[in-house]
>>> print(open('input-v2.txt').read())   # compact mmCIF, C-alpha atoms and all ligand atoms
# COMPACT_ATOMS: atom_id res chain seq x y z
CA MET S 1 44.75 -60.62 22.22
CA SER S 2 45.72 -63.00 19.45
CA GLY S 3 44.88 -66.43 20.92
CA GLY S 4 46.49 -69.64 19.59
CA GLY S 5 48.14 -70.26 16.21
CA THR S 6 51.61 -70.26 14.76
CA ARG S 7 54.30 -67.97 16.20
CA ARG S 8 56.28 -66.57 13.30
CA ARG S 9 59.96 -65.60 13.48
CA VAL S 10 60.41 -62.41 11.50
CA ALA S 11 63.43 -60.73 9.85
CA VAL S 12 62.87 -57.07 8.96
CA LEU S 13 64.75 -55.35 6.13
CA GLY S 14 64.39 -51.58 6.54
CA SER S 15 63.34 -51.69 10.20
CA THR S 16 64.00 -47.96 10.77
CA GLY S 17 61.63 -46.84 7.99
CA SER S 18 57.93 -46.09 8.08
CA VAL S 19 56.84 -49.66 7.23
CA GLY S 20 59.61 -51.18 9.37
CA ARG S 21 58.64 -49.16 12.46
CA GLN S 22 54.95 -50.02 12.05
CA ALA S 23 55.88 -53.70 11.71
CA LEU S 24 57.87 -53.60 14.95
CA ASP S 25 54.95 -51.88 16.68
CA LEU S 26 52.70 -54.71 15.49
CA VAL S 27 55.14 -57.39 16.65
CA GLU S 28 55.34 -55.76 20.07
CA ARG S 29 51.56 -55.85 20.37
CA LEU S 30 51.27 -59.47 19.22
CA PRO S 31 54.01 -61.30 21.12
CA GLU S 32 52.15 -64.62 20.93
CA ARG S 33 52.17 -64.36 17.14
CA PHE S 34 55.49 -62.79 16.18
CA GLU S 35 59.09 -62.66 17.31
CA ILE S 36 61.93 -60.66 15.74
CA VAL S 37 65.03 -62.67 14.82
CA ALA S 38 66.95 -60.20 12.64
CA LEU S 39 66.89 -56.50 11.75
CA ALA S 40 68.56 -54.51 8.97
CA ALA S 41 68.63 -50.81 8.14
CA GLY S 42 70.59 -48.29 6.10
CA SER S 43 72.20 -45.72 8.37
CA ASN S 44 69.92 -44.73 11.27
CA ALA S 45 72.11 -46.33 13.97
CA PRO S 46 70.49 -44.67 17.02
CA LEU S 47 67.01 -45.97 16.14
CA LEU S 48 68.36 -49.37 15.13
CA ALA S 49 70.17 -49.63 18.49
CA ASP S 50 66.89 -48.85 20.31
CA GLN S 51 65.16 -51.55 18.28
CA VAL S 52 67.88 -54.05 19.22
CA ARG S 53 67.33 -53.27 22.92
CA ARG S 54 63.57 -53.69 22.63
CA HIS S 55 63.39 -56.74 20.35
CA ARG S 56 66.63 -58.57 21.17
CA PRO S 57 67.17 -60.06 17.67
CA ARG S 58 69.90 -62.63 16.99
CA LEU S 59 71.42 -60.54 14.18
CA VAL S 60 71.43 -56.83 13.35
CA ALA S 61 72.85 -55.35 10.15
CA ILE S 62 73.58 -51.80 9.10
CA ALA S 63 74.39 -51.01 5.46
CA ASP S 64 76.53 -48.02 6.41
CA ALA S 65 79.49 -49.89 7.93
CA GLY S 66 80.89 -46.67 9.43
CA ARG S 67 78.04 -46.68 11.99
CA ARG S 68 78.84 -50.11 13.44
CA ALA S 69 80.34 -48.78 16.70
CA GLU S 70 77.02 -47.05 17.54
CA LEU S 71 75.31 -50.45 17.63
CA GLU S 72 77.85 -52.20 19.83
CA PRO S 73 76.55 -51.35 23.33
CA ALA S 74 72.97 -52.37 22.48
CA ALA S 75 74.12 -55.51 20.66
CA ARG S 76 76.29 -56.54 23.62
CA GLU S 77 73.36 -56.07 26.01
CA ALA S 78 71.03 -58.10 23.77
CA ARG S 79 73.69 -60.71 22.90
CA CYS S 80 73.09 -59.95 19.27
CA GLU S 81 75.56 -60.40 16.44
CA ILE S 82 76.36 -57.35 14.23
CA ALA S 83 76.90 -57.47 10.45
CA CYS S 84 77.68 -54.55 8.14
CA GLY S 85 77.46 -53.35 4.57
CA ASP S 86 75.46 -54.95 1.76
CA GLU S 87 76.66 -58.41 2.82
CA GLY S 88 75.29 -57.79 6.31
CA VAL S 89 71.88 -56.86 4.92
CA LEU S 90 71.89 -60.05 2.81
CA ALA S 91 72.68 -62.07 5.95
CA VAL S 92 69.50 -60.70 7.53
CA ALA S 93 67.49 -61.41 4.33
CA GLY S 94 68.56 -65.05 4.36
CA HIS S 95 68.67 -65.59 8.14
CA ARG S 96 68.20 -69.28 8.77
CA ASP S 97 65.84 -68.77 11.72
CA ALA S 98 63.46 -66.44 9.85
CA ASP S 99 60.08 -67.92 8.86
CA VAL S 100 59.14 -64.69 7.11
CA VAL S 101 61.18 -61.76 5.79
CA LEU S 102 59.59 -58.31 5.65
CA ALA S 103 61.16 -56.55 2.63
CA ALA S 104 60.71 -52.87 3.56
CA ILE S 105 63.85 -51.20 2.22
CA VAL S 106 62.99 -48.28 -0.05
CA GLY S 107 63.87 -48.23 -3.76
CA ALA S 108 66.33 -50.24 -5.83
CA ALA S 109 68.46 -50.83 -2.71
CA GLY S 110 65.87 -53.48 -1.79
CA LEU S 111 66.37 -55.52 -4.97
CA LYS S 112 69.25 -57.80 -3.98
CA PRO S 113 68.06 -58.48 -0.41
CA THR S 114 64.54 -59.38 -1.65
CA TRP S 115 65.99 -61.60 -4.37
CA HIS S 116 68.34 -63.24 -1.85
CA ALA S 117 65.49 -63.99 0.58
CA LEU S 118 63.46 -65.62 -2.21
CA ARG S 119 66.46 -67.68 -3.30
CA GLN S 120 66.72 -68.98 0.27
CA GLY S 121 63.12 -70.20 -0.12
CA LYS S 122 61.76 -67.61 2.32
CA ARG S 123 58.23 -66.38 2.63
CA VAL S 124 58.62 -62.69 1.75
CA ALA S 125 56.17 -60.05 2.95
CA LEU S 126 56.81 -57.49 0.23
CA ALA S 127 56.62 -53.73 0.80
CA ASN S 128 59.57 -52.95 -1.49
CA LYS S 129 57.51 -52.75 -4.69
CA GLU S 130 60.52 -51.43 -6.62
CA SER S 131 62.19 -54.87 -6.54
CA LEU S 132 59.16 -56.44 -8.23
CA VAL S 133 58.92 -53.56 -10.72
CA MET S 134 62.56 -53.97 -11.69
CA ALA S 135 62.80 -57.75 -11.77
CA GLY S 136 59.32 -59.24 -11.46
CA GLY S 137 60.00 -62.12 -13.85
CA LEU S 138 63.15 -63.14 -11.99
CA MET S 139 61.40 -62.88 -8.62
CA ARG S 140 58.61 -65.18 -9.79
CA GLU S 141 61.18 -67.65 -11.11
CA ALA S 142 62.97 -67.54 -7.74
CA VAL S 143 59.70 -68.31 -5.93
CA ALA S 144 59.01 -71.24 -8.26
CA ALA S 145 62.55 -72.62 -8.07
CA HIS S 146 63.14 -72.31 -4.32
CA GLY S 147 59.70 -72.90 -2.83
CA GLY S 148 59.29 -69.53 -1.11
CA SER S 149 56.37 -67.15 -1.53
CA LEU S 150 55.51 -63.48 -1.94
CA VAL S 151 52.68 -61.88 0.00
CA PRO S 152 52.13 -58.17 -0.67
CA VAL S 153 52.23 -55.50 2.04
CA ASP S 154 51.09 -52.60 -0.13
CA SER S 155 47.53 -51.98 1.03
CA GLU S 156 46.16 -52.14 -2.54
CA HIS S 157 47.79 -55.47 -3.34
CA SER S 158 46.92 -56.83 0.06
CA ALA S 159 43.32 -55.96 -0.82
CA LEU S 160 43.57 -57.72 -4.18
CA HIS S 161 45.19 -60.74 -2.54
CA GLN S 162 42.30 -60.89 -0.05
CA CYS S 163 39.62 -60.41 -2.75
CA LEU S 164 41.19 -63.22 -4.76
CA ARG S 165 41.27 -65.76 -1.94
CA GLY S 166 39.35 -68.75 -3.18
CA GLU S 167 38.73 -67.22 -6.64
CA ARG S 168 39.95 -68.71 -9.94
CA ILE S 169 42.16 -66.26 -11.79
CA GLU S 170 40.56 -67.31 -15.13
CA GLU S 171 37.28 -65.89 -13.78
CA VAL S 172 38.77 -62.44 -13.14
CA ARG S 173 38.09 -59.75 -15.75
CA ARG S 174 40.21 -56.95 -14.30
CA LEU S 175 41.91 -55.63 -11.21
CA ILE S 176 41.04 -52.10 -10.08
CA LEU S 177 43.62 -50.34 -7.94
CA THR S 178 42.32 -47.44 -5.89
CA ALA S 179 44.39 -44.27 -5.43
CA SER S 180 43.78 -41.51 -2.90
CA GLY S 181 44.92 -38.99 -5.52
CA GLY S 182 47.61 -37.64 -3.19
CA PRO S 183 48.01 -34.04 -2.04
CA PHE S 184 47.48 -32.60 -5.55
CA ARG S 185 44.31 -34.46 -6.50
CA THR S 186 42.51 -31.19 -7.29
CA THR S 187 45.50 -28.90 -7.94
CA PRO S 188 45.34 -27.24 -11.40
CA LEU S 189 48.11 -28.07 -13.87
CA GLU S 190 49.51 -24.49 -13.92
CA ARG S 191 49.99 -24.61 -10.16
CA LEU S 192 51.68 -28.06 -10.24
CA GLU S 193 54.71 -26.50 -11.97
CA SER S 194 55.63 -24.64 -8.78
CA VAL S 195 54.57 -26.93 -5.90
CA THR S 196 57.26 -27.43 -3.26
CA PRO S 197 58.65 -30.65 -1.72
CA ALA S 198 57.02 -29.70 1.61
CA GLU S 199 53.60 -29.53 -0.10
CA ALA S 200 54.22 -32.76 -2.00
CA LEU S 201 55.20 -34.60 1.20
CA ARG S 202 51.90 -33.70 2.88
CA HIS S 203 49.89 -36.80 1.99
CA PRO S 204 46.19 -36.50 2.89
CA VAL S 205 45.85 -40.05 4.26
CA TRP S 206 49.13 -41.92 4.81
CA ASP S 207 52.24 -40.95 6.77
CA MET S 208 54.99 -42.59 4.73
CA GLY S 209 58.68 -42.31 3.84
CA LYS S 210 59.69 -39.42 1.55
CA LYS S 211 60.18 -41.39 -1.66
CA VAL S 212 56.81 -43.12 -1.63
CA SER S 213 55.13 -39.84 -0.58
CA ILE S 214 56.49 -38.04 -3.66
CA ASP S 215 55.57 -41.05 -5.82
CA SER S 216 52.03 -40.77 -4.44
CA ALA S 217 51.91 -37.07 -5.34
CA THR S 218 52.95 -37.75 -8.98
CA LEU S 219 50.88 -40.99 -9.15
CA MET S 220 54.07 -42.81 -10.17
CA ASN S 221 53.38 -44.85 -7.05
CA LYS S 222 50.19 -46.09 -8.71
CA GLY S 223 52.12 -46.79 -11.90
CA LEU S 224 54.64 -48.88 -9.97
CA GLU S 225 51.69 -50.63 -8.32
CA VAL S 226 50.20 -51.52 -11.71
CA ILE S 227 53.48 -53.26 -12.60
CA GLU S 228 53.61 -54.86 -9.15
CA ALA S 229 50.05 -56.17 -9.61
CA HIS S 230 50.99 -57.61 -12.99
CA TRP S 231 53.78 -59.69 -11.44
CA LEU S 232 51.84 -60.69 -8.36
CA PHE S 233 48.62 -61.76 -10.04
CA GLY S 234 49.66 -62.48 -13.64
CA LEU S 235 47.25 -60.13 -15.48
CA ASP S 236 48.40 -57.90 -18.35
CA GLY S 237 48.43 -54.14 -17.93
CA ASP S 238 45.28 -53.67 -20.05
CA ARG S 239 43.37 -55.64 -17.38
CA ILE S 240 44.66 -53.53 -14.49
CA ASP S 241 42.87 -50.20 -13.99
CA VAL S 242 43.29 -47.32 -11.58
CA VAL S 243 40.50 -45.27 -10.05
CA ILE S 244 40.73 -42.28 -7.69
CA HIS S 245 39.05 -42.92 -4.34
CA PRO S 246 39.84 -39.99 -2.00
CA GLN S 247 38.52 -41.69 1.17
CA SER S 248 41.10 -44.53 0.92
CA SER S 249 38.66 -46.93 2.55
CA VAL S 250 38.21 -49.31 -0.38
CA HIS S 251 41.79 -50.50 -0.76
CA SER S 252 41.23 -52.09 -4.20
CA MET S 253 38.75 -54.17 -6.17
CA VAL S 254 38.47 -57.20 -8.43
CA GLU S 255 35.92 -57.36 -11.26
CA MET S 256 34.89 -60.92 -12.10
CA THR S 257 33.88 -62.14 -15.58
CA ASP S 258 30.19 -62.04 -14.58
CA GLY S 259 30.48 -58.31 -13.79
CA SER S 260 30.43 -58.70 -10.02
CA VAL S 261 32.96 -56.50 -8.21
CA ILE S 262 34.62 -57.67 -4.99
CA CYS S 263 36.28 -55.05 -2.81
CA GLN S 264 38.24 -54.97 0.45
CA ILE S 265 37.48 -52.23 2.97
CA GLY S 266 39.39 -51.20 6.06
CA VAL S 267 40.73 -48.23 7.99
CA PRO S 268 43.88 -46.77 6.44
CA ASP S 269 46.45 -48.22 8.85
CA MET S 270 49.47 -50.01 7.35
CA ARG S 271 49.62 -52.36 10.32
CA ALA S 272 46.57 -54.17 8.87
CA PRO S 273 48.23 -55.25 5.59
CA ILE S 274 51.52 -55.86 7.43
CA GLN S 275 49.73 -58.20 9.84
CA TYR S 276 47.99 -59.94 6.95
CA ALA S 277 51.29 -60.49 5.09
CA LEU S 278 53.28 -61.65 8.12
CA GLY S 279 50.50 -63.90 9.39
CA HIS S 280 49.20 -65.28 6.09
CA PRO S 281 47.26 -67.54 5.70
CA GLU S 282 46.08 -67.10 9.27
CA ARG S 283 43.80 -64.27 10.39
CA PHE S 284 43.60 -63.16 14.01
CA PRO S 285 42.65 -60.08 16.05
CA GLY S 286 45.27 -57.33 16.08
CA PRO S 287 45.68 -53.66 17.01
CA VAL S 288 43.87 -52.17 14.00
CA ALA S 289 40.34 -50.95 14.72
CA PRO S 290 37.53 -52.35 12.57
CA PHE S 291 35.89 -50.08 10.00
CA ASP S 292 33.12 -48.04 11.60
CA PHE S 293 29.89 -48.37 9.60
CA GLY S 294 27.98 -46.66 12.44
CA GLN S 295 29.04 -43.32 10.99
CA ALA S 296 27.51 -41.87 7.79
CA ARG S 297 30.06 -42.02 4.96
CA THR S 298 30.37 -41.29 1.29
CA PHE S 299 32.62 -43.28 -1.00
CA GLU S 300 33.63 -41.42 -4.16
CA PHE S 301 35.26 -42.89 -7.27
CA GLN S 302 36.68 -40.70 -10.05
CA PRO S 303 38.76 -41.35 -13.16
CA VAL S 304 42.43 -40.32 -13.12
CA ASP S 305 43.31 -37.07 -14.90
CA ARG S 306 46.13 -38.40 -17.07
CA THR S 307 47.17 -34.94 -18.28
CA ARG S 308 48.01 -33.74 -14.80
CA PHE S 309 49.48 -37.09 -13.79
CA PRO S 310 51.43 -38.40 -16.83
CA SER S 311 53.57 -40.76 -14.71
CA LEU S 312 50.82 -43.35 -14.69
CA ASP S 313 50.86 -43.78 -18.48
CA LEU S 314 54.67 -43.93 -18.46
CA ALA S 315 54.45 -46.92 -16.13
CA TYR S 316 51.86 -48.65 -18.35
CA ALA S 317 54.14 -48.03 -21.36
CA ALA S 318 57.16 -49.49 -19.52
CA LEU S 319 55.13 -52.56 -18.55
CA ARG S 320 54.10 -53.05 -22.21
CA ALA S 321 57.69 -52.60 -23.42
CA GLY S 322 58.88 -55.23 -20.91
CA GLY S 323 62.51 -56.32 -20.46
CA THR S 324 64.57 -53.63 -18.75
CA ALA S 325 61.99 -50.85 -19.36
CA PRO S 326 60.42 -51.02 -15.87
CA ALA S 327 63.90 -50.96 -14.26
CA ILE S 328 64.77 -47.92 -16.41
CA LEU S 329 61.50 -46.24 -15.40
CA ASN S 330 62.17 -46.96 -11.74
CA ALA S 331 65.78 -45.73 -11.77
CA ALA S 332 64.95 -42.52 -13.66
CA ASN S 333 62.13 -41.90 -11.20
CA GLU S 334 64.39 -42.44 -8.17
CA VAL S 335 66.93 -39.93 -9.49
CA ALA S 336 64.17 -37.46 -10.38
CA VAL S 337 62.49 -37.74 -6.97
CA GLY S 338 65.84 -37.17 -5.23
CA ALA S 339 66.45 -34.10 -7.42
CA PHE S 340 62.97 -32.75 -6.69
CA LEU S 341 63.50 -33.17 -2.94
CA ASP S 342 66.87 -31.35 -3.24
CA GLY S 343 65.27 -28.48 -5.16
CA ARG S 344 67.13 -29.27 -8.42
CA LEU S 345 64.02 -30.28 -10.40
CA GLY S 346 60.43 -29.02 -10.50
CA PHE S 347 57.49 -31.30 -9.71
CA LEU S 348 56.43 -31.72 -13.36
CA GLY S 349 60.10 -32.27 -14.24
CA ILE S 350 59.88 -35.70 -12.54
CA ALA S 351 57.65 -37.21 -15.25
CA ARG S 352 59.53 -35.32 -17.99
CA MET S 353 62.77 -36.85 -16.77
CA VAL S 354 61.33 -40.37 -16.71
CA ARG S 355 59.91 -39.95 -20.21
CA GLU S 356 63.19 -38.59 -21.55
CA VAL S 357 65.24 -41.47 -20.10
CA LEU S 358 62.75 -44.08 -21.40
CA ASP S 359 62.87 -42.45 -24.86
CA ARG S 360 66.68 -42.55 -24.94
CA HIS S 361 67.05 -46.21 -23.96
CA ALA S 362 65.24 -49.03 -25.69
CA ALA S 363 64.33 -51.95 -23.44
CA ARG S 364 66.65 -54.95 -23.51
CA PRO S 365 65.65 -58.51 -22.59
CA VAL S 366 66.15 -59.62 -18.99
CA ASP S 367 67.77 -63.01 -18.43
CA SER S 368 69.62 -62.32 -15.21
CA LEU S 369 69.80 -59.92 -12.29
CA GLU S 370 72.87 -58.39 -13.94
CA ASP S 371 70.70 -57.36 -16.95
CA VAL S 372 68.37 -55.55 -14.57
CA LEU S 373 71.23 -53.87 -12.71
CA GLU S 374 72.76 -52.77 -16.02
CA GLY S 375 69.42 -51.18 -17.06
CA ASP S 376 69.31 -49.45 -13.67
CA ARG S 377 72.88 -48.10 -14.04
CA ILE S 378 72.32 -46.85 -17.62
CA ALA S 379 69.12 -45.06 -16.60
CA ARG S 380 70.72 -43.42 -13.56
CA ARG S 381 73.62 -42.15 -15.68
CA ALA S 382 71.23 -40.78 -18.30
CA ALA S 383 69.09 -39.11 -15.64
CA GLN S 384 72.15 -37.46 -14.06
CA GLU S 385 73.27 -36.19 -17.48
CA ILE S 386 69.84 -34.71 -18.16
CA LEU S 387 69.87 -33.07 -14.74
CA SER S 388 73.26 -31.53 -15.35
CA MET S 389 71.95 -29.99 -18.59
CA LYS S 390 69.10 -28.38 -16.61
CA VAL S 391 66.63 -28.66 -19.48
CA LEU S 392 63.57 -30.08 -17.75
CA GLY S 393 62.51 -27.31 -15.36
N1 LIG Y 401 55.33 -46.15 4.19
C1 LIG Y 401 54.24 -46.74 3.77
O1 LIG Y 401 53.16 -46.55 4.34
C2 LIG Y 401 54.30 -47.67 2.58
C3 LIG Y 401 53.09 -48.20 2.10
C4 LIG Y 401 53.14 -49.11 1.04
C5 LIG Y 401 54.36 -49.46 0.48
N2 LIG Y 401 55.51 -48.90 0.94
C6 LIG Y 401 56.79 -49.31 0.34
O2 LIG Y 401 57.62 -49.82 1.36
C7 LIG Y 401 58.99 -49.51 1.08
C8 LIG Y 401 59.54 -48.74 2.27
O3 LIG Y 401 58.86 -47.50 2.38
P1 LIG Y 401 58.98 -46.58 3.67
O4 LIG Y 401 57.96 -45.53 3.50
O5 LIG Y 401 58.96 -47.42 4.89
O6 LIG Y 401 60.43 -45.96 3.43
P2 LIG Y 401 61.34 -45.15 4.46
O7 LIG Y 401 60.54 -44.67 5.61
O8 LIG Y 401 62.11 -44.17 3.67
O9 LIG Y 401 62.34 -46.29 5.01
C9 LIG Y 401 63.27 -46.92 4.17
C10 LIG Y 401 64.03 -47.98 4.94
O10 LIG Y 401 65.02 -48.54 4.05
C11 LIG Y 401 66.28 -48.51 4.71
N3 LIG Y 401 67.34 -48.49 3.73
C12 LIG Y 401 67.57 -47.56 2.77
N4 LIG Y 401 68.65 -47.92 2.04
C13 LIG Y 401 69.09 -49.08 2.57
C14 LIG Y 401 70.17 -49.95 2.24
N5 LIG Y 401 71.02 -49.70 1.24
N6 LIG Y 401 70.32 -51.09 2.97
C15 LIG Y 401 69.48 -51.37 3.99
N7 LIG Y 401 68.44 -50.58 4.32
C16 LIG Y 401 68.26 -49.46 3.62
C17 LIG Y 401 66.22 -47.27 5.58
O11 LIG Y 401 67.22 -47.28 6.56
P3 LIG Y 401 67.77 -45.90 7.27
O12 LIG Y 401 66.61 -45.01 7.46
O13 LIG Y 401 68.35 -46.44 8.54
O14 LIG Y 401 68.80 -45.34 6.37
C18 LIG Y 401 64.81 -47.43 6.14
O15 LIG Y 401 64.80 -48.38 7.16
C19 LIG Y 401 58.97 -48.70 -0.23
O16 LIG Y 401 59.24 -49.56 -1.29
C20 LIG Y 401 57.55 -48.17 -0.31
O17 LIG Y 401 57.14 -47.96 -1.63
C21 LIG Y 401 55.50 -48.02 1.97
>>> encode(input="input-v2.txt", output="structure tokens")
Amino acid sequence: MSGGGTRRRVAVLGSTGSVGRQALDLVERLPERFEIVALAAGSNAPLLADQVRRHRPRLVAIADAGRRAELEPAAREARCEIACGDEGVLAVAGHRDADVVLAAIVGAAGLKPTWHALRQGKRVALANKESLVMAGGLMREAVAAHGGSLVPVDSEHSALHQCLRGERIEEVRRLILTASGGPFRTTPLERLESVTPAEALRHPVWDMGKKVSIDSATLMNKGLEVIEAHWLFGLDGDRIDVVIHPQSSVHSMVEMTDGSVICQIGVPDMRAPIQYALGHPERFPGPVAPFDFGQARTFEFQPVDRTRFPSLDLAYAALRAGGTAPAILNAANEVAVGAFLDGRLGFLGIARMVREVLDRHAARPVDSLEDVLEGDRIARRAAQEILSMKVLG
């Protein structure tokens, strides 16, 4: 299927998640292109053991060290080494045989492994947007200092990356991220107060992990993506716009200084941007079907309703404030999403919580990873306190 070209050795962080599983599916379908050398996950030992049997990596790591024994039979069969805990995950991130590391852990847990991979000079295919949101400046410095690279996996940023191939960044006027609008695109504000986690998890286009699904429902996901785009492409927030595009066919757009707009179109299948990121700069046939223009279609574009989706403006404000503000935003959001999923916070309480935590803690400058982690800890503590006071609804 894939013909000649380089065969990449891949380490996957978060192999049991939605992105991780789709990446392994892709690798299995393109054996001439990709080979798995290391896998890491959080706690899903049964699935990780299956993956070890199928892909026979050289190293497997599980963050939850108590689950090690469940991996042993599969690891013995595959002659694969086992590592545990955070150190084990870092060993996968920096595996010496990996040509490319797919960073697909969810949330702040992905920060240190992504950072570690970049400091080993790895090419990182980045799905874990939270690590760039929290510590974008440090990640860019790590790329510059250690000779690695970052290629986005998020479909929107993959689109921007593709639109910008061969373009000069000085000739770009603005980046336009598209958003499906999520399950509540047309839901009235009064009704949003009482929507349930089950409704919020029902994304109209993508089948994703729980955290990113809730972020898509609040549009915080788009806010995090604005910050991610800032660090990936170097444009300020006032030159990064968001537009609702319910069909999710145009994955994002770039407006050039002469007014011309370049867009990337494709079917909504995450294996396409994963293949692009793992294979970059090469392109080759893969399992994703081409876009069918033989069928009549309508593409709609609408502005975002910022009253119903206040999270987006909170993310822009955090990007403007700089320093630890994006890490504070991210941490408060993670706590709030967890509380919403557990039924301890209403849907609109998520943005209220993030706003409240940002208001309480002024941004501090970021000179080291420890500064970022401190911002993260402070925000989580504040969010837990607010939750315990039950004031947000
Ligand atoms: N899903 C998508 O279509 C999509 C699209 C664009 C971007 N993204 C981004 O990709 C990232 C992953 O999303 P997802 O939807 O794939 O999430 P997910 O389905 O919830 O999977 C998360 C993965 O992270 C692992 N993990 C959690 N904590 C860990 C830890 N401390 N150490 C090691 N591994 C840990 C989980 O392992 P266990 O399950 O074994 O605990 C799992 O493999 C997120 O940043 C998301 O925003 C996702």
>>> closest_residue(input="input-v2.txt", among="S:Asp99, S:Asp215, S:Glu385, S:Glu170", to="ligand LIG 401 (chain Y)", atoms="only C-alpha atoms and all ligand atoms")
S:Asp215
>>> closest_atom_pairs(input="input-v2.txt", of="chain S", to="ligand LIG 401 (chain Y)", cutoff="7 Å", atoms="all atoms listed in the file", output="tab-separated table")
residue	atom	partner	partner_atom	distance
S:Leu13	CA	Y:LIG401	N7	6.3
S:Gly14	CA	Y:LIG401	O15	3.3
S:Ser15	CA	Y:LIG401	O15	4.7
S:Thr16	CA	Y:LIG401	O15	3.7
S:Gly17	CA	Y:LIG401	O9	3.1
S:Ser18	CA	Y:LIG401	O5	3.6
S:Val19	CA	Y:LIG401	O5	3.9
S:Gly20	CA	Y:LIG401	O5	5.9
S:Ala40	CA	Y:LIG401	C15	6.0
S:Ala41	CA	Y:LIG401	N7	3.8
S:Gly42	CA	Y:LIG401	O14	3.5
S:Ser43	CA	Y:LIG401	O13	3.9
S:Asn44	CA	Y:LIG401	O13	3.6
S:Ala45	CA	Y:LIG401	O13	6.6
S:Ile62	CA	Y:LIG401	C15	6.6
S:Ala63	CA	Y:LIG401	N6	4.8
S:Asp86	CA	Y:LIG401	N6	6.5
S:Val89	CA	Y:LIG401	C15	6.1
S:Ala104	CA	Y:LIG401	C8	4.5
S:Ile105	CA	Y:LIG401	O10	3.4
S:Val106	CA	Y:LIG401	C19	4.0
S:Gly107	CA	Y:LIG401	O16	5.4
S:Ala109	CA	Y:LIG401	N5	4.8
S:Gly110	CA	Y:LIG401	C14	6.9
S:Ala127	CA	Y:LIG401	O2	4.1
S:Asn128	CA	Y:LIG401	O16	3.4
S:Lys129	CA	Y:LIG401	O16	5.0
S:Glu130	CA	Y:LIG401	O16	5.8
S:Val153	CA	Y:LIG401	C4	6.5
S:Asp154	CA	Y:LIG401	C4	4.2
S:Ser155	CA	Y:LIG401	C4	6.3
S:Trp206	CA	Y:LIG401	O1	6.2
S:Asp207	CA	Y:LIG401	O1	6.2
S:Met208	CA	Y:LIG401	N1	3.6
S:Gly209	CA	Y:LIG401	O4	3.3
S:Lys210	CA	Y:LIG401	O8	5.7
S:Lys211	CA	Y:LIG401	O8	6.3
S:Val212	CA	Y:LIG401	O17	4.9
S:Met270	CA	Y:LIG401	O1	5.9
>>> closest_residue(input="input-v2.txt", among="S:Leu278, S:Val288, S:Leu26, S:Val52", to="Thr6 in chain S", atoms="only C-alpha atoms")
S:Leu278
>>> closest_residue(input="input-v2.txt", among="S:Ala198, S:Ala179, S:Leu235, S:Val354", to="Pro310 in chain S", atoms="all atoms listed in the file")
S:Val354
>>> closest_residue(input="input-v2.txt", among="S:Ala379, S:Val243, S:Ala339, S:Ala142", to="Thr114 in chain S", atoms="only C-alpha atoms")
S:Ala142
>>> atom_distance(input="input-v2.txt", atom1="CA of Thr196 in chain S", atom2="CA of Arg355 in chain S")
21.2 Å
>>> residues_around(input="input-v2.txt", residues="Gly266 in chain S", least_positions_apart="5", cutoff="10 Å", atoms="only C-alpha atoms", output="list of chain:residue names")
S:Ser155, S:Ala159, S:Ser248, S:Ser249, S:Val250, S:His251, S:Ala272, S:Pro273, S:Val288, S:Ala289, S:Pro290, S:Phe291, S:Asp292
>>> closest_residue(input="input-v2.txt", among="S:Phe340, S:Phe293, S:Val226, S:Glu356", to="Ile386 in chain S", atoms="only C-alpha atoms")
S:Glu356
>>> atom_distance(input="input-v2.txt", atom1="CA of Glu28 in chain S", atom2="CA of Lys122 in chain S")
22.3 Å
>>> atom_distance(input="input-v2.txt", atom1="CA of Ala69 in chain S", atom2="CA of Phe34 in chain S")
28.5 Å
>>> residues_near_point(input="input-v2.txt", point="(57.2, -63.0, 5.0)", cutoff="8 Å", atoms="only C-alpha atoms", output="PyMOL selection string")
chain S and resi 10+99-103+122-126+149-151+277-278
>>> residues_around(input="input-v2.txt", residues="His361 in chain S", least_positions_apart="2", cutoff="10 Å", atoms="only C-alpha atoms", output="PyMOL selection string")
chain S and resi 324-325+328+356-359+363-364+375+378-379+382
>>> residues_around(input="input-v2.txt", residues="Cys80 in chain S", least_positions_apart="3", cutoff="9 Å", atoms="all atoms listed in the file", output="NGL selection string")
:S and (52 or 56-60 or 74-77)
>>> write_last_selection(input="input-v2.txt", atoms="C-alpha atoms", output="PDB file, in the frame of the given file")
ATOM      1  CA  VAL S  52      67.880 -54.050  19.220  1.00  0.00           C
ATOM      2  CA  ARG S  56      66.630 -58.570  21.170  1.00  0.00           C
ATOM      3  CA  PRO S  57      67.170 -60.060  17.670  1.00  0.00           C
ATOM      4  CA  ARG S  58      69.900 -62.630  16.990  1.00  0.00           C
ATOM      5  CA  LEU S  59      71.420 -60.540  14.180  1.00  0.00           C
ATOM      6  CA  VAL S  60      71.430 -56.830  13.350  1.00  0.00           C
ATOM      7  CA  ALA S  74      72.970 -52.370  22.480  1.00  0.00           C
ATOM      8  CA  ALA S  75      74.120 -55.510  20.660  1.00  0.00           C
ATOM      9  CA  ARG S  76      76.290 -56.540  23.620  1.00  0.00           C
ATOM     10  CA  GLU S  77      73.360 -56.070  26.010  1.00  0.00           C
TER      11      GLU S  77
END
>>> residues_near_point(input="input-v2.txt", point="(64.8, -60.4, 13.1)", cutoff="6 Å", atoms="only C-alpha atoms", output="number ranges by chain")
S: 10-12, 36-39, 57
>>> closest_residue(input="input-v2.txt", among="S:Ala135, S:Ala49, S:Leu348, S:Cys163", to="Gln264 in chain S", atoms="only C-alpha atoms")
S:Cys163
>>> residues_around(input="input-v2.txt", residues="Arg68 in chain S", least_positions_apart="2", cutoff="9 Å", atoms="only C-alpha atoms", output="PyMOL selection string")
chain S and resi 45+61-62+64-66+70-72+82-84
